[in-house]
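Novice: Just dropping this structure here.
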Amino acid sequence: MKAVLSLALITFKEGIRNRSLFGIALVALFLFGLNISVAGFFMRDIGKVTVDMNLSALTIAGLLLVFFVGINLMAKDIDRKTIHLVLSKPLSRAQYIWGKYLGIQFFVTVSLLLLAGCSSLTVLLLKSMYPAYFGGFSWLIFFVAVAFVLVKFWVLGAVVIFFSSLTTSSLITLIFSLGAYLAGVTIEEVVFYLKTEMAAQEQLISESLKNFIEAITWILPNFAAFDFSLEAAHGLALDSGRLLGVLSYGVLYSVILLLLASLIFSRREFN
Amino acid sequence: MNEIQLHNISKTYNPGLFKKKVEAVRDLSFDVRQGEVFGLIGPNGAGKSTTIRMLLGLIRPGGGTIHFRGQPLSATEMQRHTGYLPENPYLYDHLNLRELLHFCGRTSGLDSKFIVERGQMLMTKLNLTAVQKRPLRTFSKGMLQRAGICFALLHDPSVVILDEPMSGLDPIGRKMVFDLVMELKSEGKTIFFCSHILNDVERLCDRIGLIHQGRLLRLFERQDFIQHEGVKVFLQLESLSSDQQQGVQRLGGKIRPDGSGWLLAVPEQNYHGINNYLEQQQLVVSGCRSEWASLEELFMQIIEEAA
């Protein structure tokens with residue numbers, strides 16, 4: 001366990017000292033600033049727009065963190081053969097996978113929590129400027145939505161680790177992970193559409209395509225499940241059963257991916 | 001006792017679809033004895049790094065067996081006792097040397113106090129104390145090489161595997177590493193290393209394996225190239241006529257061409273006879289050497305024979 005935590009710690013330090021982080025923080029701060037400056041244009045929807053924009057800004061920042069910094073924290077080890085040095089120590093391949101994952105998650109979580117603090121200040125400021133339009137707003141639901149943005153990036157982190165364990169280049173890992181994210185965000189809508197009457201009237205959608213999509217919904221991560229922005233924007237009550245279900249899904253999916261990654265990684269050769 | 005034993009190991013790389021397979025190592029067998037410095041030399045692409053990677057468990061041999069202290073290789077167990085320096089150590093850019101060594105110590109199961117003390121001792125020896133808090137990305141190639149050596153030696157391993165340890169080092173850095181290897185040897189550590197710098201191999205190694213196209217061509221002891229049939233005195237002569245060559249050989253001397261002149265091996269018991277003959281023939285002795293053939297000469301000769 002000490003070895004895993006040591007690796008997680010240096011991975012975290014490598015990530016948090018990366019200069020790209022300043023750029024990502026600036027993008028997020030720009031989006032929060034944009035929110036403050038344009039919120040007044042939305043009249044009655046100021047509260048909803050504020051929550052939506054803040055959660056979107058956090059998601060964009062999280063994606064940039066994972067794709068531009070997080071991927072390199074493992075893929076660069078393999079690219080640059082730093083892994084030869086690391087694996088020359090008494091550290092198993094599985095420990096390496098878990099250590100890297102924890103390090104990346106620690107880095108993403110700390111960075112996003114800092115940005116979530118800025119986001120909360122933005123919401124607080126706008127709430128004090130336009131108190132009449134934040135009637136249904138609930139801090140609890142807002143923070144739950146922020147927490148599930150984090151859970152989404154825990155799963156995405158596991159996806160990145162999984163593809164890093166398979167491929168030899170950070171670019172390929174980026175392409176695969178981005179593909180999995182885009183498919184994971186949209187797959188729920190595709191499935192929903194296929195179940196509608198409109199889709200039933202569509203002649204071009206074959207049964208085999210429907211079966212294929214049904215099958216890949218079980219394989220791809222359903223990132224839309226972690227999206228609670230609608231509830232946070234409208235102050236809708238959250239069902240604890242659903243929260244627990246989504247959290248369990250995220251944890252289980254990540255653990256399965258990491259176990260698979262450990263298995264693949266332990267059989268991999270490093271030339 | 002043998003620390004490491006490789007028996008008939010082979011490795012073939014598959015570079016991908018429609019590409020020819022590359023046989024990197026073929027039926028390679030040798031052993032590294034406890035407390036010795038074993039050097040593996042060979043031209044580029046000979047299979048030296050592949051051999052080291054198989055030893056470390058980074059790649060699996062296609063055939064054959066590797067034993068560590070008589071037991072089949074189990075990577076994590078071996079790694080507790082070995083330190084490894086790769087050819088070009090790529091370290092973490094945003095960490096400093098202290099953090100890197102702390103990570104190394106923790107993964108090796110050391111306590112913080114020992115890590116700090118041992119780290120400081122190694123950094124002092126390798127002249128890195130002043131830069132220990134600087135990010136590793138600001139290190140020069142030679143400094144990275146020395147930092148890699150600290151990383152390899154922190155847990156005080158009994159077996160040290162060094163892949164081109166002198167690569168990228170200036171003369172001062174080379175001297176530091178040379179002294180360190182000699183010190184490790186005097187402490188009874190087993191050292192296995194690959195190098196292109198034959199002068200270093202010649203000075204450091206007790207035994208040398210010459211590998212070419214994945215096969216071990218020759219395994220020789222230090223005496224094999226320093227001495228010639230027990231002879232330790234070698235004179236360089238400017239010229240020798242065929243009569244003089246026969247005369248020297250009649251008196252028990254051995255000769256071979258050496259550059260534009262000749263090298264004469266003088267057996268101890270025949271020294272006076274040969275010396276008198278050289279004086280009588282008024283032959284000019286232009287110098288003397290401490291070895292019959294340099295490692296470089298042997299290396300070239302064996303590689304040419306193999307080709």
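Letters for chains follow the order of the structure tokens (A, B, ...), residue numbers begin at 1 for each chain, and ligand numbers begin at 1 in the order shown.
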Enumerate as a list in words the residues belonging to chain B that approach chain A to within 7 Å, with only C-alpha atoms taken into account.

Specialist: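 Per the criterion, chain B yields Leu56, Leu58, Ile59, Thr76, Gln79, Arg80, Tyr84, Pro89, Tyr90, Leu91, His94, Leu95, Phe103, Arg106, Thr107 and Ser108 of chain B.
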
Novice: Find the spatial neighbours of Gln269 in chain B, counting only C-alpha atoms, within a cut-off of 12 Å - ignore same-chain residues fewer than 3 positions away - and output them as a PyMOL selection string.

Specialist: chain B and resi 230-233+251-253+265-266+272-275

Novice: Hey, can you spit out that residue selection with N, CA and C atoms as a PDB file, in the first residue's frame?

Specialist:
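Saved result, selection.pdb, follows:
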```pdb
ATOM      1  N   GLY B 230      50.402 -16.542 -19.985  1.00  0.00           N
ATOM      2  CA  GLY B 230      51.125 -16.329 -18.728  1.00  0.00           C
ATOM      3  C   GLY B 230      52.177 -15.229 -18.794  1.00  0.00           C
ATOM      4  N   VAL B 231      52.409 -14.664 -19.981  1.00  0.00           N
ATOM      5  CA  VAL B 231      53.438 -13.627 -20.126  1.00  0.00           C
ATOM      6  C   VAL B 231      52.861 -12.279 -19.728  1.00  0.00           C
ATOM      7  N   LYS B 232      53.673 -11.498 -18.972  1.00  0.00           N
ATOM      8  CA  LYS B 232      53.170 -10.215 -18.500  1.00  0.00           C
ATOM      9  C   LYS B 232      53.981  -9.022 -19.016  1.00  0.00           C
ATOM     10  N   VAL B 233      55.139  -9.307 -19.742  1.00  0.00           N
ATOM     11  CA  VAL B 233      55.996  -8.211 -20.225  1.00  0.00           C
ATOM     12  C   VAL B 233      55.880  -8.138 -21.749  1.00  0.00           C
ATOM     13  N   LEU B 251      64.127 -17.983 -29.189  1.00  0.00           N
ATOM     14  CA  LEU B 251      64.482 -17.738 -27.776  1.00  0.00           C
ATOM     15  C   LEU B 251      63.257 -17.772 -26.842  1.00  0.00           C
ATOM     16  N   GLY B 252      62.101 -18.095 -27.414  1.00  0.00           N
ATOM     17  CA  GLY B 252      60.893 -18.246 -26.579  1.00  0.00           C
ATOM     18  C   GLY B 252      59.960 -17.046 -26.597  1.00  0.00           C
ATOM     19  N   GLY B 253      60.317 -16.005 -27.351  1.00  0.00           N
ATOM     20  CA  GLY B 253      59.443 -14.823 -27.428  1.00  0.00           C
ATOM     21  C   GLY B 253      58.293 -15.059 -28.401  1.00  0.00           C
ATOM     22  N   ALA B 265      56.116 -10.488 -26.815  1.00  0.00           N
ATOM     23  CA  ALA B 265      55.800 -10.984 -25.470  1.00  0.00           C
ATOM     24  C   ALA B 265      57.046 -11.702 -24.938  1.00  0.00           C
ATOM     25  N   VAL B 266      57.530 -11.244 -23.779  1.00  0.00           N
ATOM     26  CA  VAL B 266      58.780 -11.794 -23.245  1.00  0.00           C
ATOM     27  C   VAL B 266      58.487 -12.634 -21.995  1.00  0.00           C
ATOM     28  N   HIS B 272      66.464 -12.608 -20.058  1.00  0.00           N
ATOM     29  CA  HIS B 272      67.858 -12.226 -20.287  1.00  0.00           C
ATOM     30  C   HIS B 272      68.315 -12.603 -21.696  1.00  0.00           C
ATOM     31  N   GLY B 273      67.963 -13.808 -22.135  1.00  0.00           N
ATOM     32  CA  GLY B 273      68.343 -14.267 -23.466  1.00  0.00           C
ATOM     33  C   GLY B 273      67.801 -13.338 -24.547  1.00  0.00           C
ATOM     34  N   ILE B 274      66.536 -12.996 -24.424  1.00  0.00           N
ATOM     35  CA  ILE B 274      65.892 -12.136 -25.437  1.00  0.00           C
ATOM     36  C   ILE B 274      66.486 -10.732 -25.374  1.00  0.00           C
ATOM     37  N   ASN B 275      66.736 -10.245 -24.159  1.00  0.00           N
ATOM     38  CA  ASN B 275      67.306  -8.906 -23.985  1.00  0.00           C
ATOM     39  C   ASN B 275      68.687  -8.824 -24.659  1.00  0.00           C
TER      40      ASN B 275
END
```

Novice: Env of Asn54 in chain A: 12 Å cut, atoms = only C-alpha atoms, seq-sep filter 2 positions within chain, self excluded. Answer as JSON, numbers by chain.

Specialist: {"A": [28, 29, 30, 31, 32, 33, 34, 35, 36, 39, 46, 47, 48, 49, 50, 51, 52, 56, 57, 58, 59, 60, 61, 112, 115, 116, 117, 118, 119, 120, 121, 122, 123, 124, 126, 142, 143, 145, 146, 149, 229, 232, 233]}

Novice: Tell me which of B:Leu110, B:Leu154, B:Leu264, B:Cys194 sits closest to Glu87 in chain B, counting only C-alpha atoms.

Specialist: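 When distances to Glu87 in chain B are compared using only C-alpha atoms, the smallest one comes from B:Cys194.
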
Novice: Identify, with DSSP run on backbone atoms, the residues in range 61-305 of chain B assigned to alpha helix (DSSP H), and express the list as a ChimeraX atom specification.

Specialist: /B:75-79,97-107,112-125,141-153,171-186,198-204,222-226,242-250,271-280,295-305

Novice: Please identify all polymer residues within 12 Å of Ala225 in chain A, counting only C-alpha atoms, omitting same-chain residues fewer than 2 positions from it, and present them as a ChimeraX atom specification.

Specialist: /A:145,148-149,151-152,155,184-189,220-223,227-230,242-250

Novice: Using only C-alpha atoms, which protein or nucleic acid residues come within 10 Å of Lys210 in chain A? Drop anything in the same chain fewer than 6 positions from it, and give the result as a list in words.

Specialist: Val190, Val191, Leu194 and Lys195 of chain A

Novice: Write out as an MDAnalysis selection string each polymer residue whose atoms come within 10 Å of range 28-30 of chain B, counting only C-alpha atoms; drop sequence neighbours fewer than 4 positions from it.

Specialist: chainID B and resid 4:11 47 51 63:66 209 211 214:217 219

Novice: Provide the CA of Arg207 in chain B to CA of Phe38 in chain B distance in Å, to one decimal place.

Specialist: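 The value is 5.1 Å.
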
Novice: With distances taken over only C-alpha atoms, which residue among A:Ala75, A:Val38, A:Leu114, A:Ile141 lies nearest Asp239 in chain A?

Specialist: A:Ile141

Novice: Report as an MDAnalysis selection string all protein, DNA and RNA residues lying within 10 Å of Lys125 in chain B, evaluated on only C-alpha atoms, omitting residues in the same chain fewer than 3 positions from it.

Specialist: chainID B and resid 119:122 128:129 146 150 176:177 179:180

Novice: If you run DSSP over the backbone, which residues in range 42-213 of chain B end up strand (DSSP E)? Put them as a PyMOL selection string.

Specialist: chain B and resi 63-68+71-72+82-85+159-163+190-194+207-212
